[in-house]
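Structure data (PDB, C-alpha atoms) from model.pdb:
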```
MODEL        1
ATOM      1  CA  MET A  21      28.807 -21.283 131.298
ATOM      2  CA  SER A  22      26.674 -21.747 134.393
ATOM      3  CA  ILE A  23      26.894 -19.474 137.389
ATOM      4  CA  ASN A  24      26.752 -20.691 140.965
ATOM      5  CA  ALA A  25      23.546 -22.674 141.318
ATOM      6  CA  ASP A  26      23.021 -21.359 144.848
ATOM      7  CA  PRO A  27      21.363 -17.936 144.560
ATOM      8  CA  ALA A  28      22.006 -17.287 148.261
ATOM      9  CA  LYS A  29      25.750 -17.029 147.553
ATOM     10  CA  SER A  30      25.277 -14.320 144.964
ATOM     11  CA  THR A  31      25.072 -10.549 145.444
ATOM     12  CA  GLN A  32      22.757  -9.563 148.286
ATOM     13  CA  PRO A  33      19.245  -8.842 146.924
ATOM     14  CA  ARG A  34      18.227  -5.189 146.970
ATOM     15  CA  ARG A  35      14.898  -3.412 146.670
ATOM     16  CA  LYS A  36      14.170  -0.204 144.818
ATOM     17  CA  GLY A  37      10.547   0.785 145.254
ATOM     18  CA  PRO A  38       8.519  -2.103 143.815
ATOM     19  CA  LEU A  39      11.629  -3.583 142.190
ATOM     20  CA  GLU A  40      13.521  -6.598 143.499
ATOM     21  CA  LEU A  41      17.087  -6.832 142.211
ATOM     22  CA  ARG A  42      19.287  -9.916 142.528
ATOM     23  CA  ARG A  43      22.690 -11.153 141.314
ATOM     24  CA  LYS A  44      24.117  -8.945 138.544
ATOM     25  CA  GLN A  45      21.087  -6.659 138.570
ATOM     26  CA  ALA A  46      21.667  -5.935 142.289
ATOM     27  CA  ALA A  47      25.266  -4.859 141.742
ATOM     28  CA  VAL A  48      24.308  -1.345 140.695
ATOM     29  CA  GLU A  49      24.432   1.965 142.495
ATOM     30  CA  MET A  50      21.053   2.907 143.882
ATOM     31  CA  SER A  51      20.112   6.512 144.622
ATOM     32  CA  ASP A  52      18.835   7.446 148.063
ATOM     33  CA  GLN A  53      15.161   8.206 148.141
ATOM     34  CA  HIS A  54      13.292   9.934 150.925
ATOM     35  CA  LEU A  55       9.607   9.581 151.384
ATOM     36  CA  LEU A  56       7.807  12.335 153.279
ATOM     37  CA  ASP A  57       5.255  10.660 155.487
ATOM     38  CA  THR A  58       2.216  12.907 155.574
ATOM     39  CA  LYS A  59       0.076  12.296 158.628
ATOM     40  CA  GLY A  60      -3.687  12.495 158.475
ATOM     41  CA  ALA A  61      -6.800  10.698 157.307
ATOM     42  CA  GLY A  62      -6.018   7.891 154.878
ATOM     43  CA  GLN A  63      -9.367   7.453 153.172
ATOM     44  CA  PHE A  64      -8.070   9.145 150.021
ATOM     45  CA  VAL A  65      -5.902   6.116 149.206
ATOM     46  CA  HIS A  66      -9.084   4.127 148.517
ATOM     47  CA  SER A  67     -10.567   6.612 146.030
ATOM     48  CA  ASP A  68     -10.557   6.158 142.252
ATOM     49  CA  PRO A  69      -8.421   9.270 141.579
ATOM     50  CA  TRP A  70      -5.744   7.868 143.899
ATOM     51  CA  ARG A  71      -5.929   4.526 142.113
ATOM     52  CA  VAL A  72      -5.209   6.343 138.861
ATOM     53  CA  LEU A  73      -1.958   7.586 140.380
ATOM     54  CA  ARG A  74      -1.097   4.059 141.507
ATOM     55  CA  ILE A  75      -1.764   2.745 138.009
ATOM     56  CA  GLN A  76       0.371   5.515 136.558
ATOM     57  CA  SER A  77       3.191   4.662 138.945
ATOM     58  CA  GLU A  78       3.117   1.009 137.855
ATOM     59  CA  PHE A  79       3.515   1.984 134.229
ATOM     60  CA  VAL A  80       6.284   4.475 135.050
ATOM     61  CA  GLU A  81       8.204   1.940 137.166
ATOM     62  CA  GLY A  82       7.761  -0.790 134.559
ATOM     63  CA  PHE A  83       8.843   1.409 131.670
ATOM     64  CA  GLY A  84      11.807   2.730 133.646
ATOM     65  CA  ALA A  85      12.989  -0.713 134.709
ATOM     66  CA  LEU A  86      12.660  -2.407 131.315
ATOM     67  CA  ALA A  87      13.417   0.355 128.812
ATOM     68  CA  ASP A  88      17.087  -0.674 128.501
ATOM     69  CA  LEU A  89      16.476  -4.420 128.742
ATOM     70  CA  GLY A  90      17.354  -5.138 125.119
ATOM     71  CA  PRO A  91      15.990  -8.077 123.098
ATOM     72  CA  ALA A  92      13.626 -10.204 125.180
ATOM     73  CA  VAL A  93      11.056 -12.973 124.890
ATOM     74  CA  SER A  94       8.146 -13.519 127.266
ATOM     75  CA  VAL A  95       7.725 -17.123 128.429
ATOM     76  CA  PHE A  96       4.438 -18.327 129.929
ATOM     77  CA  GLY A  97       3.433 -21.554 131.613
ATOM     78  CA  SER A  98       1.745 -23.101 134.617
ATOM     79  CA  ALA A  99       2.681 -22.147 138.170
ATOM     80  CA  ARG A 100       1.787 -25.743 139.111
ATOM     81  CA  THR A 101       4.478 -27.427 137.044
ATOM     82  CA  LYS A 102       6.651 -29.539 139.345
ATOM     83  CA  PRO A 103      10.471 -29.340 139.361
ATOM     84  CA  GLY A 104      11.930 -32.320 137.550
ATOM     85  CA  SER A 105       8.840 -32.881 135.404
ATOM     86  CA  PRO A 106       9.128 -32.881 131.590
ATOM     87  CA  PHE A 107       7.395 -29.504 131.348
ATOM     88  CA  TYR A 108       9.764 -28.001 133.953
ATOM     89  CA  GLU A 109      12.808 -29.327 132.083
ATOM     90  CA  MET A 110      11.331 -27.906 128.899
ATOM     91  CA  GLY A 111      11.085 -24.477 130.531
ATOM     92  CA  MET A 112      14.681 -24.627 131.716
ATOM     93  CA  ALA A 113      15.823 -25.533 128.216
ATOM     94  CA  VAL A 114      13.954 -22.562 126.773
ATOM     95  CA  GLY A 115      15.673 -20.254 129.235
ATOM     96  CA  ARG A 116      19.103 -21.655 128.454
ATOM     97  CA  HIS A 117      18.617 -21.361 124.682
ATOM     98  CA  LEU A 118      17.374 -17.774 124.949
ATOM     99  CA  ALA A 119      20.289 -16.853 127.204
ATOM    100  CA  ALA A 120      22.715 -18.402 124.712
ATOM    101  CA  ALA A 121      21.167 -16.217 122.010
ATOM    102  CA  GLY A 122      21.734 -13.109 124.136
ATOM    103  CA  VAL A 123      18.020 -12.619 124.694
ATOM    104  CA  ALA A 124      16.489 -11.772 128.071
ATOM    105  CA  VAL A 125      13.641 -13.871 129.445
ATOM    106  CA  ILE A 126      10.496 -12.298 130.913
ATOM    107  CA  THR A 127       8.126 -14.459 132.968
ATOM    108  CA  GLY A 128       5.370 -13.912 135.498
ATOM    109  CA  GLY A 129       7.994 -14.439 138.170
ATOM    110  CA  GLY A 130       6.140 -17.226 139.955
ATOM    111  CA  PRO A 131       6.853 -20.916 140.547
ATOM    112  CA  GLY A 132       6.478 -23.834 138.137
ATOM    113  CA  SER A 133       7.232 -23.233 134.476
ATOM    114  CA  MET A 134       7.972 -19.568 135.155
ATOM    115  CA  GLU A 135      10.629 -20.546 137.670
ATOM    116  CA  ALA A 136      12.014 -23.088 135.207
ATOM    117  CA  ALA A 137      12.475 -20.484 132.467
ATOM    118  CA  ASN A 138      14.057 -17.997 134.882
ATOM    119  CA  ARG A 139      16.342 -20.718 136.255
ATOM    120  CA  GLY A 140      17.482 -21.837 132.818
ATOM    121  CA  THR A 141      18.244 -18.222 131.948
ATOM    122  CA  VAL A 142      20.342 -17.689 135.077
ATOM    123  CA  GLU A 143      22.219 -20.934 134.526
ATOM    124  CA  GLY A 144      22.884 -19.767 130.976
ATOM    125  CA  ASN A 145      24.222 -16.452 132.336
ATOM    126  CA  GLY A 146      21.375 -14.486 130.770
ATOM    127  CA  VAL A 147      19.086 -11.746 132.066
ATOM    128  CA  SER A 148      16.162 -13.151 134.038
ATOM    129  CA  VAL A 149      13.105 -10.907 134.557
ATOM    130  CA  GLY A 150       9.978 -11.626 136.608
ATOM    131  CA  LEU A 151       6.787  -9.580 136.564
ATOM    132  CA  GLY A 152       4.879 -10.534 139.700
ATOM    133  CA  ILE A 153       1.239  -9.856 140.521
ATOM    134  CA  GLU A 154      -0.528  -9.258 143.825
ATOM    135  CA  LEU A 155      -2.783 -12.251 144.487
ATOM    136  CA  PRO A 156      -4.564 -13.682 147.574
ATOM    137  CA  PHE A 157      -2.372 -16.796 147.300
ATOM    138  CA  GLU A 158       0.767 -14.897 146.340
ATOM    139  CA  GLN A 159       4.017 -16.834 146.737
ATOM    140  CA  GLY A 160       6.348 -13.999 145.762
ATOM    141  CA  LEU A 161       8.948 -13.924 143.028
ATOM    142  CA  ASN A 162      10.927 -17.107 142.511
ATOM    143  CA  GLN A 163      14.585 -17.165 143.538
ATOM    144  CA  TRP A 164      15.849 -17.178 139.945
ATOM    145  CA  VAL A 165      14.540 -13.699 139.103
ATOM    146  CA  ASP A 166      17.318 -11.101 138.756
ATOM    147  CA  LEU A 167      15.117  -8.117 137.946
ATOM    148  CA  GLY A 168      11.672  -8.302 139.504
ATOM    149  CA  ILE A 169       8.723  -5.939 139.402
ATOM    150  CA  ASN A 170       5.585  -6.446 141.488
ATOM    151  CA  PHE A 171       2.281  -5.225 140.051
ATOM    152  CA  ARG A 172      -1.131  -4.586 141.586
ATOM    153  CA  TYR A 173      -2.955  -4.484 138.264
ATOM    154  CA  PHE A 174      -3.058  -7.225 135.630
ATOM    155  CA  PHE A 175      -3.451  -4.814 132.718
ATOM    156  CA  ALA A 176      -0.292  -2.864 133.620
ATOM    157  CA  ARG A 177       1.629  -6.128 133.940
ATOM    158  CA  LYS A 178       0.288  -7.451 130.623
ATOM    159  CA  THR A 179       1.464  -4.319 128.846
ATOM    160  CA  MET A 180       5.032  -5.021 129.974
ATOM    161  CA  PHE A 181       4.881  -8.612 128.690
ATOM    162  CA  VAL A 182       4.089  -7.376 125.192
ATOM    163  CA  LYS A 183       5.868  -4.030 125.022
ATOM    164  CA  TYR A 184       9.308  -5.334 125.931
ATOM    165  CA  ALA A 185       9.209  -8.709 124.167
ATOM    166  CA  GLN A 186       9.675  -9.586 120.533
ATOM    167  CA  GLY A 187       7.554 -12.707 120.851
ATOM    168  CA  PHE A 188       5.964 -15.276 123.181
ATOM    169  CA  ILE A 189       6.876 -18.860 123.975
ATOM    170  CA  VAL A 190       3.961 -20.596 125.684
ATOM    171  CA  LEU A 191       4.534 -23.716 127.764
ATOM    172  CA  PRO A 192       1.658 -25.936 128.916
ATOM    173  CA  GLY A 193      -0.462 -24.073 131.442
ATOM    174  CA  GLY A 194      -3.882 -23.250 132.826
ATOM    175  CA  LEU A 195      -6.221 -20.267 132.840
ATOM    176  CA  GLY A 196      -3.534 -17.615 133.304
ATOM    177  CA  THR A 197      -1.476 -19.057 130.474
ATOM    178  CA  LEU A 198      -4.521 -19.240 128.205
ATOM    179  CA  ASP A 199      -5.397 -15.651 129.078
ATOM    180  CA  GLU A 200      -1.968 -14.424 127.980
ATOM    181  CA  LEU A 201      -1.986 -16.621 124.874
ATOM    182  CA  PHE A 202      -5.367 -15.505 123.559
ATOM    183  CA  GLU A 203      -4.754 -11.858 124.380
ATOM    184  CA  ALA A 204      -1.523 -12.004 122.380
ATOM    185  CA  MET A 205      -3.365 -13.649 119.492
ATOM    186  CA  VAL A 206      -5.995 -10.899 119.544
ATOM    187  CA  LEU A 207      -3.342  -8.165 119.556
ATOM    188  CA  VAL A 208      -1.649  -9.695 116.507
ATOM    189  CA  GLN A 209      -4.922 -10.540 114.763
ATOM    190  CA  THR A 210      -6.167  -6.953 115.149
ATOM    191  CA  ARG A 211      -2.732  -5.607 114.181
ATOM    192  CA  LYS A 212      -2.170  -3.832 117.472
ATOM    193  CA  VAL A 213       1.272  -5.456 117.380
ATOM    194  CA  THR A 214       3.143  -6.635 114.298
ATOM    195  CA  SER A 215       5.921  -9.164 113.677
ATOM    196  CA  PHE A 216       5.155 -10.875 116.970
ATOM    197  CA  PRO A 217       5.657 -14.661 116.751
ATOM    198  CA  ILE A 218       3.735 -16.846 119.202
ATOM    199  CA  VAL A 219       5.155 -20.344 119.637
ATOM    200  CA  LEU A 220       3.413 -23.041 121.680
ATOM    201  CA  LEU A 221       5.630 -25.749 123.136
ATOM    202  CA  GLY A 222       4.110 -29.223 123.480
ATOM    203  CA  VAL A 223       2.255 -30.720 120.504
ATOM    204  CA  ASP A 224       0.329 -33.298 122.540
ATOM    205  CA  PHE A 225      -0.779 -30.702 125.077
ATOM    206  CA  TRP A 226      -1.850 -27.961 122.662
ATOM    207  CA  GLY A 227      -3.055 -30.183 119.807
ATOM    208  CA  PRO A 228      -6.609 -30.698 121.131
ATOM    209  CA  MET A 229      -7.056 -26.944 121.602
ATOM    210  CA  ILE A 230      -5.903 -26.273 118.039
ATOM    211  CA  GLU A 231      -8.320 -28.895 116.737
ATOM    212  CA  TRP A 232     -11.174 -27.335 118.745
ATOM    213  CA  ILE A 233     -10.407 -23.921 117.246
ATOM    214  CA  ARG A 234     -10.338 -25.423 113.758
ATOM    215  CA  GLY A 235     -13.315 -27.749 114.190
ATOM    216  CA  THR A 236     -15.578 -25.354 116.106
ATOM    217  CA  LEU A 237     -14.542 -21.704 115.847
ATOM    218  CA  VAL A 238     -13.433 -21.865 112.225
ATOM    219  CA  ALA A 239     -16.320 -24.162 111.280
ATOM    220  CA  GLU A 240     -18.815 -21.746 112.823
ATOM    221  CA  GLY A 241     -17.219 -18.735 111.166
ATOM    222  CA  MET A 242     -16.130 -17.205 114.479
ATOM    223  CA  VAL A 243     -12.511 -16.971 113.305
ATOM    224  CA  SER A 244     -10.861 -17.485 109.942
ATOM    225  CA  GLU A 245      -8.639 -20.406 108.994
ATOM    226  CA  LYS A 246      -5.861 -17.901 108.474
ATOM    227  CA  ASP A 247      -6.032 -16.896 112.143
ATOM    228  CA  LEU A 248      -4.435 -20.226 113.002
ATOM    229  CA  ASP A 249      -1.282 -18.926 111.289
ATOM    230  CA  LEU A 250      -0.857 -16.658 114.302
ATOM    231  CA  ILE A 251       0.525 -19.552 116.336
ATOM    232  CA  GLN A 252       3.109 -22.267 115.770
ATOM    233  CA  VAL A 253       3.261 -25.522 117.743
ATOM    234  CA  VAL A 254       6.502 -27.444 118.259
ATOM    235  CA  ASP A 255       7.978 -30.007 120.653
ATOM    236  CA  ASP A 256      11.636 -28.974 120.727
ATOM    237  CA  PRO A 257      12.685 -26.018 122.978
ATOM    238  CA  ALA A 258      15.548 -25.136 120.623
ATOM    239  CA  GLU A 259      13.145 -24.992 117.688
ATOM    240  CA  ALA A 260      10.704 -22.884 119.707
ATOM    241  CA  VAL A 261      13.459 -20.353 120.415
ATOM    242  CA  GLU A 262      14.588 -20.369 116.782
ATOM    243  CA  ARG A 263      11.064 -19.721 115.557
ATOM    244  CA  VAL A 264      10.276 -16.965 118.034
ATOM    245  CA  LEU A 265      13.547 -15.168 117.297
ATOM    246  CA  HIS A 266      13.523 -15.538 113.523
ATOM    247  CA  GLY A 267       9.910 -16.298 112.651
ATOM    248  CA  THR A 268       7.581 -13.997 110.803
ATOM    249  CA  VAL A 269       3.878 -13.538 111.295
ATOM    250  CA  GLN A 270       1.473 -13.239 108.402
ATOM    251  CA  ALA A 271      -0.980 -10.442 109.028
ATOM    252  CA  PRO A 272      -4.405 -12.085 108.849
ATOM    253  CA  SER A 273      -7.639 -10.480 107.822
ATOM    254  CA  THR A 274      -9.509  -9.210 110.844
ATOM    255  CA  ASN A 275     -12.756 -10.811 111.912
ATOM    256  CA  GLY A 276     -14.474  -7.505 111.328
ATOM    257  CA  GLU A 277     -13.654  -7.667 107.623
ATOM    258  CA  GLN A 278     -15.356 -11.045 107.363
ATOM    259  CA  ARG A 279     -18.609 -10.254 109.121
ATOM    260  CA  PRO A 280     -21.640  -9.267 107.060
ATOM    261  CA  GLU A 281     -22.812  -5.700 107.401
TER     262      GLU A 281
ENDMDL
END
```
Kindly return the structure encoded in the file as structure tokens.
Amino acid sequence: MSINADPAKSTQPRRKGPLELRRKQAAVEMSDQHLLDTKGAGQFVHSDPWRVLRIQSEFVEGFGALADLGPAVSVFGSARTKPGSPFYEMGMAVGRHLAAAGVAVITGGGPGSMEAANRGTVEGNGVSVGLGIELPFEQGLNQWVDLGINFRYFFARKTMFVKYAQGFIVLPGGLGTLDELFEAMVLVQTRKVTSFPIVLLGVDFWGPMIEWIRGTLVAEGMVSEKDLDLIQVVDDPAEAVERVLHGTVQAPSTNGEQRPE
């Protein structure tokens, strides 16, 4: 059952530190917080020790916000995908299918395919999460994010994508999408995470990349043929959701075991 398609008519958005809460997530009691504003020289905020505290705070806020999220899948894709395009519709379908399965959706919170997945989740009455990142060309979290967290540091944000998801669905995308995809493959390949399905959506889009990996990286001995088992490529959003929720991952041999001493 779809909710009102106009987010502006839903519960008034609320902020809690770096969190942005909308719709059902905003309808919670928020404790009053008082910040003591210490006057004085501000140079210390640019020092490395202070940055460590900022990094720590991002992990604490992320862990606190997502610890009770429940089953979730991270969905990646291009911020440049246009509404109404086949890839956008594909993202919306993924969100709807995950919502129907009672699984939360985690995206980067931006426009394009991320927006599509968040929108499909909201329309499916599911939990829509967006993990934003501070960028020079930042556009802010899309309007379909119910629970949003803004990060300064990519590595803190990436931890949340993996820690609170049981798998990845990867829509067609650019450098950011590839970054997340290959990092996830490395984490599974090196057994840093286990039972973590990675499903690519769009055979025509991803096919040439798979062939390059097989024809160049495998042929040159840079990766093993078995490493290709880390990913699955499908065309149907429903099948992608089925595979990421119920698929298993074969633990491959690590590259290190294959290199000569």
Show me a table, sorted first by chain and then by increasing residue number, of the residues of stretch 178-264 of chain A having an atom at most 9 Å from stretch 79-96 of chain A, each with its shortest atom pair and the distance in Å to one decimal, counting all atoms listed in the file and written as a Markdown table.
```
| residue | atom | partner | partner_atom | distance |
| --- | --- | --- | --- | --- |
| A:Thr179 | CA | A:Phe79 | CA | 8.5 |
| A:Met180 | CA | A:Gly82 | CA | 6.8 |
| A:Phe181 | CA | A:Ser94 | CA | 6.1 |
| A:Val182 | CA | A:Ser94 | CA | 7.6 |
| A:Tyr184 | CA | A:Ala92 | CA | 6.6 |
| A:Ala185 | CA | A:Val93 | CA | 4.7 |
| A:Gln186 | CA | A:Val93 | CA | 5.7 |
| A:Gly187 | CA | A:Val93 | CA | 5.4 |
| A:Phe188 | CA | A:Ser94 | CA | 5.0 |
| A:Ile189 | CA | A:Val95 | CA | 4.9 |
| A:Val190 | CA | A:Phe96 | CA | 4.8 |
| A:Leu191 | CA | A:Phe96 | CA | 5.8 |
| A:Pro192 | CA | A:Phe96 | CA | 8.2 |
| A:Gly193 | CA | A:Phe96 | CA | 7.7 |
| A:Gly196 | CA | A:Phe96 | CA | 8.7 |
| A:Thr197 | CA | A:Phe96 | CA | 6.0 |
| A:Glu200 | CA | A:Phe96 | CA | 7.8 |
| A:Leu201 | CA | A:Phe96 | CA | 8.4 |
| A:Val261 | CA | A:Val93 | CA | 9.0 |
| A:Val264 | CA | A:Val93 | CA | 8.0 |
```
For the residues in that selection, give me C-alpha atoms as a short mmCIF file (atom, residue, chain, number, x, y, z; two decimals), in the coordinates of the input.
```
data_model
loop_
_atom_site.label_atom_id
_atom_site.label_comp_id
_atom_site.auth_asym_id
_atom_site.auth_seq_id
_atom_site.Cartn_x
_atom_site.Cartn_y
_atom_site.Cartn_z
CA THR A 179 1.46 -4.32 128.85
CA MET A 180 5.03 -5.02 129.97
CA PHE A 181 4.88 -8.61 128.69
CA VAL A 182 4.09 -7.38 125.19
CA TYR A 184 9.31 -5.33 125.93
CA ALA A 185 9.21 -8.71 124.17
CA GLN A 186 9.68 -9.59 120.53
CA GLY A 187 7.55 -12.71 120.85
CA PHE A 188 5.96 -15.28 123.18
CA ILE A 189 6.88 -18.86 123.98
CA VAL A 190 3.96 -20.60 125.68
CA LEU A 191 4.53 -23.72 127.76
CA PRO A 192 1.66 -25.94 128.92
CA GLY A 193 -0.46 -24.07 131.44
CA GLY A 196 -3.53 -17.61 133.30
CA THR A 197 -1.48 -19.06 130.47
CA GLU A 200 -1.97 -14.42 127.98
CA LEU A 201 -1.99 -16.62 124.87
CA VAL A 261 13.46 -20.35 120.42
CA VAL A 264 10.28 -16.96 118.03
#
```
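Our summary of the geometry notes that atom CA of A:Gln159 is positioned 22.3 Å from atom CA of A:Glu143.
Put simply, atom CA of A:Gln252 is 6.0 Å away from atom CA of A:Leu220.
What separates atom CA of A:Asp249 from atom CA of A:Gly227 is a distance of 14.2 Å.
When the PyMOL selection byres ((chain A and resi 110-118) around 6) is evaluated on the file shown here, the picked residues come out as Phe107, Tyr108, Glu109, Ala119, Ala120, Ala121, Val123, Ser133, Ala136, Ala137, Gly140, Thr141, Gly144 and Pro257 of chain A.
Among A:Arg139, A:Arg263, A:Lys183, A:Arg100, the residue with the shortest atom-to-atom distance to A:Val165, counting all atoms listed in the file, is A:Arg139.
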Q) Which neighbours of A:Gln45 fall inside 10 Å, counting only C-alpha atoms, when residues of the same chain fewer than 2 positions from it are skipped, and could you give them as a ChimeraX atom specification? A) /A:31,33-34,40-43,47-48,147-149,165-168
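The residue that comes closest to A:Gln209, out of A:Ser244, A:Thr236, A:Ser67, A:Thr101 and on the basis of all atoms listed in the file, is A:Ser244.
Nearest-residue note for A:Pro228: choosing from A:Val253, A:Ala258, A:Ala124, A:Val208, the minimum distance belongs to A:Val253, counting only C-alpha atoms.
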Once you add 4 Å to each side, what are the centre and edge lengths of the axis-aligned box holding all listed atoms of stretch 190-207 of chain A? One decimal in Å, as lines of an AutoDock Vina configuration file, if you can.
```
center_x = -0.8
center_y = -17.1
center_z = 126.4
size_x = 18.8
size_y = 25.8
size_z = 21.8
```
Q: Could you tell me which of A:Glu245, A:Leu237, A:Pro103, A:Val219 comes closest to A:Glu262 if we count all atoms listed in the file?
A: A:Val219
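Closest approach to A:Trp164 among A:Val254, A:Gly130, A:Gly222, A:Trp232 is made by A:Gly130 (distances from all atoms listed in the file).
This file, filtered with the PyMOL selection byres ((chain A and resi 153) around 7), gives the residues Leu151, Gly152, Glu154, Leu155, Asn170, Phe171 and Arg172 of chain A.
Nearest residue to A:Ile230 among A:Asp247, A:Arg211, A:Lys102, A:Asn138 is A:Asp247, counting all atoms listed in the file.
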